[in-house]
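Peer 1: I'd like to ask some things about the structure below.
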Protein chains: 2
Amino acid sequence: MRSVVLHGPRDVRVEDTPDPEIVEPTDAIIKVTATCVCGSDLWPYRGLEPVNQPSRMGHEYVGVVDQIGSAVNDLQIGDLVVGSFVASDNTCEICQAGFQSRCIHQVMMGSVGTQAEYARIPLADGTLVKVPGTPTEQQLKSLLAASDVLGTGWFAAVAAEAGPGKTVAVVGDGAVGLLGILAAKHLGAERIIAFSRHADRQALATKFGATDIVEERGEGGIKRVLELTNGYGAHSTIEAVGTQEAMDQAIGSTRAGGHVGFVGVSHGVELNGFGLFWATVSLLGGPAPVRRFLPELIELIMTDQIDPGQVFDLTLPIEQAAEGYKAMDERRATKVMLTL
Amino acid sequence: MRSVVLHGPRDVRVEDTPDPEIVEPTDAIIKVTATCVCGSDLWPYRGLEPVNQPSRMGHEYVGVVDQIGSAVNDLQIGDLVVGSFVASDNTCEICQAGFQSRCIHQVMMGSVGTQAEYARIPLADGTLVKVPGTPTEQQLKSLLAASDVLGTGWFAAVAAEAGPGKTVAVVGDGAVGLLGILAAKHLGAERIIAFSRHADRQALATKFGATDIVEERGEGGIKRVLELTNGYGAHSTIEAVGTQEAMDQAIGSTRAGGHVGFVGVSHGVELNGFGLFWATVSLLGGPAPVRRFLPELIELIMTDQIDPGQVFDLTLPIEQAAEGYKAMDERRATKVMLTL
């Protein structure tokens with residue numbers, strides 16, 4: 001089958017690789033309908049994470065069940081399914097508490113590689129959620145978004161306790177930050193302050209529900225949020241970047257007693273305990289338990305209540321994956337869908 | 001009046017200082033009935049925080065209202081009152097959200113110094129809570145505990161979301177940690193694991209509700225908690241020390257999706273963002289909003305439903321304050337009450 005393989009910094013190739021096979025009886029094989037490039041794929045692409053050997057890429061997917069293992073009970077061949085970037089049993093105490101991304105049997109889908117024609121999905125019954133009906137082209141994009149960026153933005157908004165009467169600040173105007181805005185809006189937030197310097201992303205932020213745009217960053221950005229909130233700061237802040245500056249900006253923008261949901265994969269961030277003590281904010285972050293939200297998100301998408309697929313501003317056939325990575329790296333695209 | 005003054009590391013003296021006066025119309029002056037030495041007083045006492053000039057000490061107090069400013073409406077001379085270590089207006093948005101320790105008009109009582117015959121209490125209406133009736137000697141101890149260590153342990157347990165069905169781990173067997181156990185028990189925790197190596201503190205921990213005692217620390221301590229919880233870790237962990245080792249132990253003992261309440265004043269702690277991301281625990285800490293809990297705590301104490309005063313294992317007249325500091329420093333006492 002054809003697969004996207006990263007050979008080194010900025011060296012993306014599409015190659016023939018062996019078809020996946022059922023390994024565990026709880027596995028399924030899906031024929032990938034659509035996949036995409038993640039902001040986190042850019043870390044190794046940019047050489048900011050080591051690439052020691054040619055690596056299969058991708059962890060987002062919508063697909064059709066093609067084969068099932070002998071212990072798979074809830075899926076049938078031909079089912080259209082969405083799963084998260086972490087395979088999970090959905091039965092352990094951690095999963096049952098809604099943290100499937102830290103399932104005690106978790107398998108990171110990045111180690112599988114879903115930017116390919118087929119993918120092996122471990123723990124298929126726990127991981128995959130069936131899509132009812134036949135999605136439109138736009139709904140398909142949204143379902144693909146649900147696989148990671150939507151679910152991650154949603155988790156960030158929930159972790160930040162966005163809700164009625166709340167002012168929410170969003171650090172990061174990539175796909176996750178933008179969908180954090182959409183989530184905060186859906187959860188009933190009164191006011192949503194988006195940090196963004198890019199006109200196209202500002203426009204989408206506003207479309208998704210942002211009420212205020214702040215172009216300043218760092219201390220200047222924090223000052224603006226304080227000005228916009230009578231000196232108190234936001235109740236709820238979403239951090240969707242993963243850098244020191246973004247994390248400091250998120251914590252600094254949040255009032256005492258407020259909540260920060262951080263979902264940017266942390267790169268080189270150090271938090272000073274004394275500063276955090278005196279900030280007195282709740283901090284919850286990590287790999288988003290997308291599986292927790294998938295059934296609700298799929299329903300919202302298939303009934304056209306939300307349209308997160310708008311974050312995909314470039315669609316390419318998988319053979320042109322290299323151009324997709326390049327466009328995201330150069331910020332010519334927010335999020336790139338790869339079709340098969 | 002007589003006051004406790006720290007002149008340098010391990011140099012505690014009791015001296016004559018000027019009587020306090022009403023400065024702001026919202027002030028009250030209280031005649032201190034009882035005060036005490038805090039674990040956090042030991043940081044400067046041990047030279048781990050600089051002492052650049054002779055410093056008045058103390059921030060915990062029970063007292064009788066002696067004078068009130070012209071804008072004080074809810075208190076009368078002669079009222080027996082308890083307040084927290086942070087004076088707060090109790091009306092700003094931060095206070096109303098229950099985070100009075102970060103009131104926008106906050107005054108740290110440590111800057112006032114309550115180890116003295118009299119103390120000026122800023123924002124008296126917001127800060128002081130009246131005690132109904134006349135406390136017994138034991139209830140007086142408990143009311144004094146409510147001023148800081150009980151309220152702090154209570155906040156830690158609430159921040160850690162201790163409650164029915166939960167396993168709570170408690171790092172730190174000082175007064176705050178011990179009262180965190182009492183709080184977790186009162187909040188309905190199913191199982192409470194106390195880290196402690198001292199027989200007397202283990203005994204009090206058990207009396208307050210600990211179901212398991214772990215003597216190991218660091219990685220060994222984490223391993224024991226995992227063994228006691230089917231490999232999952234605690235749902236809720238209280239950190240009541242403030243060191244790197246204690247914070248790492250607290251986070252490491254907590255399951256993904258669990259909560260850490262940290263109230264040890266952070267000294268030299270650095271949290272690695274990547275580690276925190278993958279820990280996927282909620283973190284909330286800071287100076288405890290004791291004022292939030294005071295009305296409830298006073299009622300529980302005056303109706304003998306809780307007896308937190310047991311943490312005071314040494315009571316001395318204020319003239320012997322130096323011996324009180326020494327006993328706590330040498331761990332001969334858990335918590336020292338000073339009487340006037």
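As shown in the structure tokens, the chain order sets the letters A, B, ...; within each chain, residues go from 1, and ligands are also counted from 1 in the order they appear.
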Got a sec: who's within 9 Å of Ile68 (chain B), counting only C-alpha atoms, leaving out chain neighbours fewer than 4 positions off, as a PyMOL selection string?
Peer 2: chain B and resi 22+25-30+72-73+75-77+124
Peer 1: Go ahead and dump the residues you just picked, C-alpha atoms, as a short mmCIF file (atom, residue, chain, number, x, y, z; two decimals), in the first residue's frame.
Peer 2:
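Listed below is the output, again33.cif:
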```
data_model
loop_
_atom_site.label_atom_id
_atom_site.label_comp_id
_atom_site.auth_asym_id
_atom_site.auth_seq_id
_atom_site.Cartn_x
_atom_site.Cartn_y
_atom_site.Cartn_z
CA ILE B 22 -6.52 51.95 63.06
CA PRO B 25 -11.57 52.96 58.23
CA THR B 26 -12.08 49.29 57.28
CA ASP B 27 -9.51 48.14 59.89
CA ALA B 28 -10.16 46.50 63.22
CA ILE B 29 -7.72 45.97 66.09
CA ILE B 30 -8.02 42.64 67.86
CA VAL B 72 -16.60 48.49 59.85
CA ASN B 73 -20.25 47.42 59.95
CA LEU B 75 -18.32 43.55 63.93
CA GLN B 76 -18.67 44.83 67.44
CA ILE B 77 -16.14 45.37 70.18
CA ALA B 124 -12.11 43.54 58.89
#
```
Peer 1: Using only C-alpha atoms, select each residue of chain B with any atom at most 8 Å away from an atom of chain A, and give the selection as a ChimeraX atom specification.
Peer 2: /B:93-94,97-99,102,232,255-257,263,265-274,276-287
Peer 1: Take the residues from that selection and write them out as a tab-separated table (two decimals), in the first residue's frame, keeping C-alpha atoms.
Peer 2:
```
chain	number	residue	atom	x	y	z
B	93	GLU	CA	-15.05	38.69	41.80
B	94	ILE	CA	-12.10	36.61	42.97
B	97	ALA	CA	-15.56	32.79	43.35
B	98	GLY	CA	-14.09	31.45	46.61
B	99	PHE	CA	-10.47	32.50	46.17
B	102	ARG	CA	-6.05	36.12	46.03
B	232	TYR	CA	-3.73	3.04	38.95
B	255	ARG	CA	-3.57	8.45	38.33
B	256	ALA	CA	-4.21	10.07	34.95
B	257	GLY	CA	-7.37	12.11	35.26
B	263	VAL	CA	-0.45	23.86	49.41
B	265	VAL	CA	4.70	26.99	49.85
B	266	SER	CA	6.80	26.18	46.81
B	267	HIS	CA	10.56	26.42	47.39
B	268	GLY	CA	12.74	25.76	44.37
B	269	VAL	CA	10.18	23.58	42.63
B	270	GLU	CA	10.36	23.33	38.83
B	271	LEU	CA	7.80	21.33	36.90
B	272	ASN	CA	8.74	19.92	33.55
B	273	GLY	CA	5.98	20.71	31.06
B	274	PHE	CA	6.45	17.50	29.11
B	276	LEU	CA	3.12	17.28	33.40
B	277	PHE	CA	1.54	16.87	29.94
B	278	TRP	CA	1.91	13.11	30.09
B	279	ALA	CA	0.92	12.90	33.75
B	280	THR	CA	-2.47	14.29	32.68
B	281	VAL	CA	-3.46	15.27	36.21
B	282	SER	CA	-5.30	18.37	37.36
B	283	LEU	CA	-3.11	20.64	39.44
B	284	LEU	CA	-4.48	23.32	41.74
B	285	GLY	CA	-2.58	24.95	44.51
B	286	GLY	CA	-1.56	28.16	46.10
B	287	PRO	CA	-2.24	30.10	49.25
```
Peer 1: Go through B:Glu161, B:Glu319, B:Glu24, B:Asp125 one by one, measure the shortest atom-to-atom distance of each to Gly83 (chain B) using only C-alpha atoms, and give the residue with the smallest value.
Peer 2: B:Asp125
Peer 1: I'd like the contact shell of Gly233 (chain B) - 9 Å cut-off, only C-alpha atoms, skipping same-chain residues fewer than 6 positions apart - returned as a ChimeraX atom specification.
Peer 2: /B:167,169,222-223,225-227,252-256,258
Peer 1: Can you write just those residues out, C-alpha atoms, as a PDB file, in the first residue's frame?
Peer 2:
```pdb
ATOM      1  CA  THR B 167      -8.479   7.097  47.253  1.00  0.00           C
ATOM      2  CA  ALA B 169      -2.763  10.164  49.079  1.00  0.00           C
ATOM      3  CA  ILE B 222       5.049   6.112  44.410  1.00  0.00           C
ATOM      4  CA  LYS B 223       5.555   2.383  43.863  1.00  0.00           C
ATOM      5  CA  VAL B 225       0.795   3.798  46.227  1.00  0.00           C
ATOM      6  CA  LEU B 226       0.527   2.062  42.849  1.00  0.00           C
ATOM      7  CA  GLU B 227       0.630  -1.322  44.594  1.00  0.00           C
ATOM      8  CA  GLY B 252       3.707  10.493  40.491  1.00  0.00           C
ATOM      9  CA  SER B 253       1.254   9.012  42.995  1.00  0.00           C
ATOM     10  CA  THR B 254      -1.774  10.323  41.101  1.00  0.00           C
ATOM     11  CA  ARG B 255      -3.569   8.450  38.332  1.00  0.00           C
ATOM     12  CA  ALA B 256      -4.214  10.070  34.950  1.00  0.00           C
ATOM     13  CA  GLY B 258      -6.784  12.536  39.003  1.00  0.00           C
TER      14      GLY B 258
END
```
Peer 1: Which is closer to Gly220 (chain B) than all the others in B:Asp200, B:Val131, B:Ala119, B:Gln249, using only C-alpha atoms?
Peer 2: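 Smallest distance to Gly220 (chain B) is found for B:Gln249.
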Peer 1: Please identify which residues in region 134-326 of chain A DSSP calls helix (DSSP H, G or I) from the backbone, and express them as number ranges by chain.
Peer 2: A: 137-146, 149-159, 175-186, 199-208, 218-228, 244-252, 273-279, 290-302, 308-311, 318-326
Peer 1: Do a neighbour search on Leu338 (chain B) at 6 Å with only C-alpha atoms, toss out local chain neighbours closer than 3 positions, and write the hits as an MDAnalysis selection string.
Peer 2: chainID B and resid 34:36 315:318
Peer 1: What parts of region 139-326 of chain A does DSSP call strand (DSSP E or B)? I'd like the answer as a PyMOL selection string.
Peer 2: chain A and resi 164+167-171+189+191-195+212-214+234-239+254-262+270-272+282-285+314-317
Peer 1: Can you list, as JSON, numbers by chain, every protein, DNA or RNA residue that comes within 8 Å of Gly8 (chain A) when you count only C-alpha atoms, leaving out same-chain residues fewer than 4 positions away?
Peer 2: {"A": [12, 44, 45, 47, 51, 52, 53, 54]}
Peer 1: For each of B:Ser84, B:Thr91, B:Ser196, B:Ser40, take the minimum atom-to-atom distance to Lys335 (chain B), counting only C-alpha atoms, then give the residue where this is smallest.
Peer 2: B:Ser40
